[in-house]
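Chemist: The structure that follows is given in the form of structure tokens.
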Amino acid sequence: MLAIELIDVKKYFPLRGRDKDGEKRIVRALDGVSLSIEKGKIHAIIGETGSGKTTVARIITGLTEPTSGSVKIDGKPLYSASGKINLEVRKSIQMVFQDPYSSFNPKFTIARSVSEPLRLHHIKFDMETISSALERVNLTPPEDFMARLPHELSGGQKQRAAFARAIIINPSIIVADEPVSMLDASIRANVLKLIRELNRNSSTTFILISHDISMALMISDNLTVIYLGKIKEQGSRDQIRNNPLHPYSQLLFETVPTLDSGGIPDVTYADIDASVRVHGCSFADRCKFAKSICFETDPELKEVEQGHLVACHLY
Ligand SMILES: Nc1ncnc2c1ncn2[C@@H]1O[C@H](COP(=O)(O)OP(=O)(O)O)[C@@H](O)[C@H]1O
Ligand code: SF4
Ligand SMILES: [Mg+2]
């Protein structure tokens, strides 16, 4: 069963001005992404800054409307033909953002913030509902946290509270965009463990967005590697870990910082510019294996072994 299905999703952002050919400048944040995400799994989406990860997250959660293509959640279209969002379908998805420091209203207590999705969807609740959500993310005893303001929590505790807010309406899908990248190295592993627990205990599907492939490999079942708005490789954790095929995936492995290295820099410091029109493979100018066809024809994503897909002329 599929939790999420994207079919040929494009998201273009218009920019001011024209390019050297006189064409209007646009950013191709997503340029034909087709992706199937199985129910109950942790699916990581990996790539450097600017590759389109947040745009995927925002489209799946209904925060950004795609330019074209279709998005299905549990088999139902998230957007109507006219682009209107289906709120009933939207209700089954929650998002956890990168920055635990700005994701709470500083004036609201944790109890108030955590219960926000229930208010939004007019679902009746009591203090027990909030306390049980806090318990599930190990903010215990919950009464110690309910009346606190966000600044009275550490970064890790705030991110746990963000997960409590996400799970409180029992969503079938949680999209977590770089959920640990702003946390201290020492607490990252704990938050990842929490994601694993929530996934195992409630069979919630998780989309874990990260620029850190090693971190994603720690907890995800399946991975998608994305670069300049296109999927480059996709497969199970073992397939990607044991046999990364795409030169870009291999590069991510070579340059990734470890979990306990201080701070997580963007893996290769590439200057990704999605506003430049690329002919052929978008990775060609950085690829040590590039051959002439790579600069002419964009490789299709194809299955090289069961469940393992790669877009590269080498295969
Ligand atoms: N609202 C926007 N307007 C213009 N360009 C945008 C907008 N949102 C994202 N982009 C561009 O789209 C590309 C992909 O961005 P994003 O999805 O945030 O990537 P990632 O999360 O992988 O860093 C980038 O080039 C970014 O600058
Ligand atoms: S298609 Fe060519 S340029 Fe692109 S990753 Fe493969 S070998 Fe490298
Ligand atoms: Mg992002």
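All residue names refer to the structure tokens as shown: chains lettered A, B, ... in order, residues numbered from 1 in each chain, ligands numbered from 1 in order.
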Give the residue list for ligand 3 at 9 Å, counting only C-alpha atoms and all ligand atoms, as a list in words, sorted by chain and then by residue number.

Modeler: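 Those residues are Glu48, Thr49, Gly50, Ser51, Gly52, Lys53, Thr54, Thr55, Ala57, Gln98, Asp177, Glu178, Ile209, Ser210 and His211 of chain A.
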
Chemist: Taking only C-alpha atoms and all ligand atoms into account, list the residues no farther than 10 Å from ligand 2, as a VMD selection string.

Modeler: chain A and resid 232 245 to 249 280 to 300 310 to 315

Chemist: Those residues you just picked out, can you put them in a file as a short mmCIF file (atom, residue, chain, number, x, y, z; two decimals), in the first residue's frame with N, CA and C atoms?

Modeler:
data_model
loop_
_atom_site.label_atom_id
_atom_site.label_comp_id
_atom_site.auth_asym_id
_atom_site.auth_seq_id
_atom_site.Cartn_x
_atom_site.Cartn_y
_atom_site.Cartn_z
N LYS A 232 17.69 11.19 -8.50
CA LYS A 232 18.88 10.57 -9.09
C LYS A 232 18.97 9.09 -8.73
N LEU A 245 24.83 3.66 -6.49
CA LEU A 245 25.19 3.58 -7.90
C LEU A 245 25.44 4.95 -8.53
N HIS A 246 24.63 5.91 -8.17
CA HIS A 246 24.73 7.21 -8.84
C HIS A 246 25.98 7.96 -8.34
N PRO A 247 26.75 8.56 -9.27
CA PRO A 247 27.93 9.30 -8.84
C PRO A 247 27.61 10.37 -7.78
N TYR A 248 26.41 10.94 -7.83
CA TYR A 248 26.04 11.94 -6.82
C TYR A 248 25.86 11.28 -5.45
N SER A 249 25.23 10.12 -5.39
CA SER A 249 25.07 9.41 -4.12
C SER A 249 26.46 9.07 -3.57
N GLY A 280 20.83 17.84 -20.80
CA GLY A 280 21.47 16.59 -20.40
C GLY A 280 21.36 16.36 -18.91
N CYS A 281 22.31 15.63 -18.36
CA CYS A 281 22.29 15.30 -16.94
C CYS A 281 22.65 16.53 -16.10
N SER A 282 21.84 16.85 -15.13
CA SER A 282 22.07 18.06 -14.34
C SER A 282 23.33 17.94 -13.47
N PHE A 283 23.85 16.73 -13.32
CA PHE A 283 25.04 16.55 -12.48
C PHE A 283 26.33 16.53 -13.30
N ALA A 284 26.19 16.65 -14.61
CA ALA A 284 27.34 16.44 -15.51
C ALA A 284 28.54 17.33 -15.19
N ASP A 285 28.28 18.61 -14.84
CA ASP A 285 29.43 19.49 -14.63
C ASP A 285 30.20 19.16 -13.34
N ARG A 286 29.66 18.27 -12.51
CA ARG A 286 30.40 17.89 -11.30
C ARG A 286 30.82 16.42 -11.33
N CYS A 287 30.48 15.73 -12.42
CA CYS A 287 30.63 14.27 -12.41
C CYS A 287 31.95 13.84 -13.06
N LYS A 288 32.70 13.04 -12.31
CA LYS A 288 34.01 12.61 -12.86
C LYS A 288 33.84 11.53 -13.93
N PHE A 289 32.64 10.98 -14.08
CA PHE A 289 32.41 9.94 -15.10
C PHE A 289 31.71 10.49 -16.34
N ALA A 290 31.48 11.79 -16.38
CA ALA A 290 30.66 12.36 -17.47
C ALA A 290 31.25 12.05 -18.84
N LYS A 291 30.39 11.65 -19.76
CA LYS A 291 30.82 11.43 -21.14
C LYS A 291 29.93 12.29 -22.03
N SER A 292 30.16 12.28 -23.35
CA SER A 292 29.48 13.28 -24.18
C SER A 292 27.96 13.17 -24.12
N ILE A 293 27.43 11.95 -24.08
CA ILE A 293 25.96 11.81 -24.03
C ILE A 293 25.37 12.51 -22.79
N CYS A 294 26.16 12.56 -21.72
CA CYS A 294 25.66 13.15 -20.46
C CYS A 294 25.32 14.63 -20.63
N PHE A 295 26.01 15.31 -21.55
CA PHE A 295 25.76 16.74 -21.75
C PHE A 295 24.63 17.00 -22.75
N GLU A 296 24.13 15.91 -23.35
CA GLU A 296 23.09 16.06 -24.37
C GLU A 296 21.74 15.52 -23.93
N THR A 297 21.75 14.35 -23.29
CA THR A 297 20.48 13.69 -22.97
C THR A 297 20.35 13.48 -21.46
N ASP A 298 19.18 13.86 -20.95
CA ASP A 298 18.91 13.67 -19.52
C ASP A 298 18.59 12.19 -19.28
N PRO A 299 19.33 11.48 -18.45
CA PRO A 299 19.04 10.05 -18.27
C PRO A 299 17.71 9.82 -17.56
N GLU A 300 16.99 8.81 -18.01
CA GLU A 300 15.71 8.43 -17.38
C GLU A 300 16.02 7.69 -16.07
N VAL A 310 17.90 4.18 -10.67
CA VAL A 310 18.97 5.16 -10.83
C VAL A 310 18.80 5.89 -12.18
N ALA A 311 19.13 7.19 -12.16
CA ALA A 311 19.07 7.98 -13.40
C ALA A 311 20.49 8.35 -13.79
N CYS A 312 21.12 7.52 -14.60
CA CYS A 312 22.51 7.77 -14.99
C CYS A 312 22.84 6.94 -16.21
N HIS A 313 23.57 7.55 -17.15
CA HIS A 313 23.92 6.85 -18.39
C HIS A 313 24.92 5.71 -18.17
N LEU A 314 25.48 5.59 -16.97
CA LEU A 314 26.41 4.49 -16.71
C LEU A 314 25.67 3.16 -16.57
N TYR A 315 24.34 3.23 -16.38
CA TYR A 315 23.62 1.97 -16.11
C TYR A 315 22.55 1.72 -17.17
#

Chemist: With DSSP run on the backbone, what are the strand (DSSP E) residues within range 175-251 of chain A? I'd like them as a PyMOL selection string.

Modeler: chain A and resi 175-177+205-210+222-227+230-236

Chemist: With a cut-off of 12 Å, could you pull out the residues of range 179-242 of chain A touching range 23-36 of chain A and give me the nearest pair of atoms for each, distance in Å to one decimal, using only C-alpha atoms, ordered by chain and ascending number, as JSON lines?

Modeler:
{"residue": "A:Ile207", "atom": "CA", "partner": "A:Ser36", "partner_atom": "CA", "distance": 11.5}
{"residue": "A:Asn222", "atom": "CA", "partner": "A:Ser36", "partner_atom": "CA", "distance": 10.6}
{"residue": "A:Leu223", "atom": "CA", "partner": "A:Leu35", "partner_atom": "CA", "distance": 10.8}
{"residue": "A:Thr224", "atom": "CA", "partner": "A:Leu35", "partner_atom": "CA", "distance": 8.5}
{"residue": "A:Val225", "atom": "CA", "partner": "A:Leu35", "partner_atom": "CA", "distance": 11.1}
{"residue": "A:Ile226", "atom": "CA", "partner": "A:Val33", "partner_atom": "CA", "distance": 9.2}
{"residue": "A:Tyr227", "atom": "CA", "partner": "A:Leu30", "partner_atom": "CA", "distance": 9.3}
{"residue": "A:Leu228", "atom": "CA", "partner": "A:Ala29", "partner_atom": "CA", "distance": 6.8}
{"residue": "A:Gly229", "atom": "CA", "partner": "A:Leu30", "partner_atom": "CA", "distance": 3.8}
{"residue": "A:Lys230", "atom": "CA", "partner": "A:Asp31", "partner_atom": "CA", "distance": 5.8}
{"residue": "A:Ile231", "atom": "CA", "partner": "A:Val33", "partner_atom": "CA", "distance": 6.5}
{"residue": "A:Lys232", "atom": "CA", "partner": "A:Val33", "partner_atom": "CA", "distance": 10.1}
{"residue": "A:Glu233", "atom": "CA", "partner": "A:Leu35", "partner_atom": "CA", "distance": 11.0}
{"residue": "A:Gln234", "atom": "CA", "partner": "A:Leu35", "partner_atom": "CA", "distance": 9.1}
{"residue": "A:Gly235", "atom": "CA", "partner": "A:Ser36", "partner_atom": "CA", "distance": 11.0}

Chemist: In range 195-308 of chain A, what's alpha helix (DSSP H) per DSSP? Answer as a short mmCIF file (atom, residue, chain, number, x, y, z; two decimals) with N, CA and C atoms, in the first residue's frame?

Modeler:
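Contents of result34.cif, freshly written:
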data_model
loop_
_atom_site.label_atom_id
_atom_site.label_comp_id
_atom_site.auth_asym_id
_atom_site.auth_seq_id
_atom_site.Cartn_x
_atom_site.Cartn_y
_atom_site.Cartn_z
N ILE A 195 11.87 9.23 16.50
CA ILE A 195 11.18 9.04 15.21
C ILE A 195 10.98 7.55 14.97
N ARG A 196 12.01 6.77 15.23
CA ARG A 196 11.95 5.32 15.05
C ARG A 196 10.84 4.72 15.93
N GLU A 197 10.81 5.17 17.20
CA GLU A 197 9.80 4.64 18.14
C GLU A 197 8.39 4.99 17.68
N LEU A 198 8.20 6.26 17.29
CA LEU A 198 6.86 6.69 16.87
C LEU A 198 6.43 5.91 15.64
N ASN A 199 7.37 5.68 14.75
CA ASN A 199 7.07 4.93 13.52
C ASN A 199 6.70 3.48 13.87
N ARG A 200 7.46 2.88 14.75
CA ARG A 200 7.22 1.47 15.09
C ARG A 200 5.93 1.30 15.90
N ASN A 201 5.68 2.25 16.83
CA ASN A 201 4.53 2.09 17.73
C ASN A 201 3.19 2.43 17.09
N SER A 202 3.22 3.32 16.07
CA SER A 202 1.92 3.75 15.56
C SER A 202 1.79 3.49 14.06
N ILE A 213 23.35 12.03 4.54
CA ILE A 213 23.01 10.67 4.14
C ILE A 213 23.29 9.67 5.26
N SER A 214 24.33 9.91 6.04
CA SER A 214 24.65 8.94 7.10
C SER A 214 23.58 8.95 8.17
N MET A 215 23.05 10.13 8.46
CA MET A 215 21.98 10.24 9.45
C MET A 215 20.73 9.53 8.93
N ALA A 216 20.43 9.74 7.66
CA ALA A 216 19.24 9.12 7.08
C ALA A 216 19.37 7.60 7.08
N LEU A 217 20.57 7.12 6.85
CA LEU A 217 20.78 5.66 6.81
C LEU A 217 20.57 5.03 8.19
N MET A 218 20.76 5.85 9.24
CA MET A 218 20.61 5.29 10.59
C MET A 218 19.19 4.80 10.85
N ILE A 219 18.20 5.50 10.31
CA ILE A 219 16.84 5.14 10.72
C ILE A 219 15.86 4.88 9.57
N ARG A 237 17.34 0.95 2.17
CA ARG A 237 18.53 1.38 2.90
C ARG A 237 19.73 0.50 2.54
N ASP A 238 19.53 -0.81 2.50
CA ASP A 238 20.67 -1.70 2.20
C ASP A 238 21.19 -1.48 0.79
N GLN A 239 20.27 -1.28 -0.15
CA GLN A 239 20.72 -1.06 -1.54
C GLN A 239 21.58 0.20 -1.64
N ILE A 240 21.12 1.27 -1.00
CA ILE A 240 21.85 2.54 -1.12
C ILE A 240 23.14 2.48 -0.29
N ARG A 241 23.07 1.85 0.88
CA ARG A 241 24.27 1.80 1.73
C ARG A 241 25.34 0.89 1.13
N ASN A 242 24.91 -0.29 0.66
CA ASN A 242 25.90 -1.28 0.19
C ASN A 242 26.32 -1.06 -1.25
N PRO A 247 26.75 8.56 -9.27
CA PRO A 247 27.93 9.30 -8.84
C PRO A 247 27.61 10.37 -7.78
N TYR A 248 26.41 10.94 -7.83
CA TYR A 248 26.04 11.94 -6.82
C TYR A 248 25.86 11.28 -5.45
N SER A 249 25.23 10.12 -5.39
CA SER A 249 25.07 9.41 -4.12
C SER A 249 26.46 9.07 -3.57
N GLN A 250 27.34 8.64 -4.44
CA GLN A 250 28.69 8.28 -4.01
C GLN A 250 29.40 9.51 -3.43
N LEU A 251 29.18 10.65 -4.07
CA LEU A 251 29.78 11.89 -3.57
C LEU A 251 29.24 12.24 -2.18
N LEU A 252 27.93 12.04 -1.99
CA LEU A 252 27.34 12.34 -0.69
C LEU A 252 27.98 11.46 0.39
N PHE A 253 28.26 10.22 0.07
CA PHE A 253 28.91 9.32 1.03
C PHE A 253 30.33 9.77 1.35
N GLU A 254 31.04 10.26 0.32
CA GLU A 254 32.45 10.63 0.52
C GLU A 254 32.60 11.84 1.43
N THR A 255 31.64 12.75 1.35
CA THR A 255 31.87 14.05 1.98
C THR A 255 31.02 14.31 3.21
#

Chemist: Between CA of Leu183 in chain A and CA of Arg90 in chain A, what is the distance, to one decimal in Å?

Modeler: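 We find that CA of Leu183 in chain A and CA of Arg90 in chain A lie 28.3 Å from each other.
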
Chemist: Using only C-alpha atoms, can you tell me which of A:His122, A:Arg160, A:Lys72, A:Arg136 comes closest to Ile110 in chain A?

Modeler: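 Closest residue, counting only C-alpha atoms: A:Arg160.
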
Chemist: Find the spatial neighbours of Tyr101 in chain A, counting only C-alpha atoms, within a cut-off of 9 Å - ignore same-chain residues fewer than 2 positions away - and output them as a list in words.

Modeler: Gln98, Asp99, Ser103, Phe104, Pro150, His151, Gly155, Lys158 and Gln159 of chain A

Chemist: Can I get the selected residues back with N, CA and C atoms, as a CSV table (one decimal), in the first residue's frame?

Modeler:
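Everything below was put into part_14.csv:
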chain,number,residue,atom,x,y,z
A,98,GLN,N,12.4,22.3,10.6
A,98,GLN,CA,13.8,22.3,10.9
A,98,GLN,C,14.1,23.0,12.2
A,99,ASP,N,13.5,24.2,12.4
A,99,ASP,CA,13.9,25.1,13.5
A,99,ASP,C,13.0,25.0,14.7
A,103,SER,N,9.4,27.4,15.8
A,103,SER,CA,8.2,26.7,15.4
A,103,SER,C,7.1,26.8,16.4
A,104,PHE,N,7.4,27.5,17.6
A,104,PHE,CA,6.3,27.7,18.6
A,104,PHE,C,6.1,29.2,18.8
A,150,PRO,N,7.8,28.1,25.5
A,150,PRO,CA,8.9,27.5,24.7
A,150,PRO,C,10.3,27.8,25.1
A,151,HIS,N,10.6,29.0,25.6
A,151,HIS,CA,12.0,29.4,26.0
A,151,HIS,C,12.4,28.6,27.2
A,155,GLY,N,16.5,22.9,23.1
A,155,GLY,CA,16.2,22.6,21.7
A,155,GLY,C,15.7,21.2,21.5
A,158,LYS,N,12.2,21.0,22.8
A,158,LYS,CA,11.2,21.7,21.9
A,158,LYS,C,10.9,20.8,20.6
A,159,GLN,N,11.9,20.2,20.1
A,159,GLN,CA,11.7,19.3,18.9
A,159,GLN,C,10.8,18.2,19.3

Chemist: At what distance in Å, to one decimal, does CA of Val278 in chain A lie from CA of Gly17 in chain A?

Modeler: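 Pair CA of Gly17 in chain A / CA of Val278 in chain A returns 18.2 Å.
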
Chemist: Please list as a ChimeraX atom specification every residue within 12 Å of range 138-140 of chain A, counting only C-alpha atoms and excluding residues in the same chain fewer than 2 positions away.

Modeler: /A:110-111,114,130-136,142-146,148,153-154,156-164,190-191,193-195,197-198

Chemist: I need the residues from that last selection saved to file as a PDB file, in the first residue's frame (with C-alpha atoms), if you can.

Modeler:
ATOM      1  CA  ILE A 110       3.480  24.039  25.461  1.00  0.00           C
ATOM      2  CA  ALA A 111       0.011  22.581  26.209  1.00  0.00           C
ATOM      3  CA  VAL A 114       0.736  21.042  21.218  1.00  0.00           C
ATOM      4  CA  ILE A 130      -2.233  16.550  25.601  1.00  0.00           C
ATOM      5  CA  SER A 131      -0.531  14.718  28.408  1.00  0.00           C
ATOM      6  CA  SER A 132      -0.602  11.439  26.523  1.00  0.00           C
ATOM      7  CA  ALA A 133       0.947  13.098  23.437  1.00  0.00           C
ATOM      8  CA  LEU A 134       3.741  14.512  25.619  1.00  0.00           C
ATOM      9  CA  GLU A 135       4.290  11.084  27.170  1.00  0.00           C
ATOM     10  CA  ARG A 136       4.594   9.480  23.742  1.00  0.00           C
ATOM     11  CA  PRO A 142       3.904  15.743  31.194  1.00  0.00           C
ATOM     12  CA  GLU A 143       2.624  18.048  33.924  1.00  0.00           C
ATOM     13  CA  ASP A 144       6.160  19.439  34.205  1.00  0.00           C
ATOM     14  CA  PHE A 145       6.016  20.621  30.610  1.00  0.00           C
ATOM     15  CA  MET A 146       2.405  21.635  29.933  1.00  0.00           C
ATOM     16  CA  ARG A 148       5.988  25.982  30.357  1.00  0.00           C
ATOM     17  CA  LEU A 153      12.603  24.070  27.013  1.00  0.00           C
ATOM     18  CA  SER A 154      15.917  22.988  25.504  1.00  0.00           C
ATOM     19  CA  GLY A 156      15.828  18.850  21.929  1.00  0.00           C
ATOM     20  CA  GLN A 157      12.786  19.140  24.222  1.00  0.00           C
ATOM     21  CA  LYS A 158      11.235  21.689  21.866  1.00  0.00           C
ATOM     22  CA  GLN A 159      11.693  19.346  18.909  1.00  0.00           C
ATOM     23  CA  ARG A 160      10.052  16.574  20.979  1.00  0.00           C
ATOM     24  CA  ALA A 161       7.158  18.967  21.679  1.00  0.00           C
ATOM     25  CA  ALA A 162       6.952  19.603  17.912  1.00  0.00           C
ATOM     26  CA  PHE A 163       6.562  15.856  17.401  1.00  0.00           C
ATOM     27  CA  ALA A 164       3.892  15.771  20.157  1.00  0.00           C
ATOM     28  CA  ASN A 190      17.831  10.743  20.750  1.00  0.00           C
ATOM     29  CA  VAL A 191      15.455  12.604  18.460  1.00  0.00           C
ATOM     30  CA  LYS A 193      15.416   7.286  18.115  1.00  0.00           C
ATOM     31  CA  LEU A 194      12.129   9.001  18.919  1.00  0.00           C
ATOM     32  CA  ILE A 195      11.177   9.042  15.214  1.00  0.00           C
ATOM     33  CA  GLU A 197       9.801   4.641  18.135  1.00  0.00           C
ATOM     34  CA  LEU A 198       6.862   6.694  16.873  1.00  0.00           C
TER      35      LEU A 198
END

Chemist: Return the single residue from A:Ile168, A:Lys84, A:Pro14, A:Ile93 that is closest to Ile123 in chain A, with distances computed using only C-alpha atoms.

Modeler: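 Closest to Ile123 in chain A, using only C-alpha atoms: A:Ile168.
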
Chemist: Work out how far CA of Ile59 in chain A is from atom 1 (N, counted along the ligand's line) of ligand 1, in Å to one decimal.

Modeler: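 The value is 12.0 Å.
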
Chemist: Here is a test: counting only C-alpha atoms and all ligand atoms, which residue of A:Leu118, A:Ala166, A:Leu208, A:Ala185 is nearest to ligand 1?

Modeler: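 Checking each of A:Leu118, A:Ala166, A:Leu208, A:Ala185 against ligand 1, counting only C-alpha atoms and all ligand atoms, the winner is A:Leu208.
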